[in-house]
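What follows is a set of notes on a single structure, which appears directly below.
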Amino acid sequence: MNLWKNSIILLLALTALAAGQHRRDPLTETEADQLRDMRMEPLKRLKLYIKFTDARLDSIDQLRNDPKQADGRAAKIHDLLQDVAALLDEINDNLDTYEDQVLDKDQHKQFRKGVQDVVEATGRWDERLKVLRNAMQMDPQAKAESHGYVFALQDAEDALKSCADVAREYAAEKDKDEGKGDATKK
């Protein structure tokens, strides 16, 4: 009986610990509402995710360039990088969802345009993350602060690589589909 009671207490303690490690939502309430409104419009939805990711990277740049923001900067950059990684994962999920979904002709065209927008955005984001990575090596202030966000940066870089790979894969499929369409017209 005592073993049973201790097991239940241990289980409850582990549950409470796991609940305390809840990841914060990378989206504001307004952003979540905007995405919800666009759930059936792939292009607009992907554009929103691109906009939100750009905003997080802009915030990182502003933090890095504002000496008044030095206090707590590493923790803020860490959180923003976690948001970037989460948003990139969401873009991946949306690409997979829309790729697997039956879309009408207009939605399919929108999705393909959105894929191209994501491919272009991943190139920009890669450059911005490289600037941050290089600053960690070249700038003594950034190097000192980077201990607070180096792992979050690595996660964001990994998420970006995955997102770029998926978007390029779907863009290549689009090119193949268009090539087949041209061949059948001749």
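Following the order of the structure tokens, chains are lettered A, B, ..., residues in each are numbered from 1, and ligands are numbered from 1.
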### Query
Looking only at the backbone, which of the residues in region 19-89 of chain A does DSSP tag as helix (DSSP H, G or I), as a PyMOL selection string?
chain A and resi 19-20+29-37+42-65+67-69+73-89
Could you list, as a ChimeraX atom specification, every residue within 10 Å of region 47-56 of chain A, counting only C-alpha atoms and ignoring same-chain residues fewer than 3 positions away? /A:26-28,31-32,34-35,38,42-44,59-62,77,79-88,90-91,94,113-115,117-118,121-122,124-125,128
The distance between CA of Ala74 (chain A) and CA of Val119 (chain A) is 28.9 Å
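The two atoms in question, CA of Asp155 (chain A) and CA of Lys143 (chain A), are spaced 17.8 Å apart.
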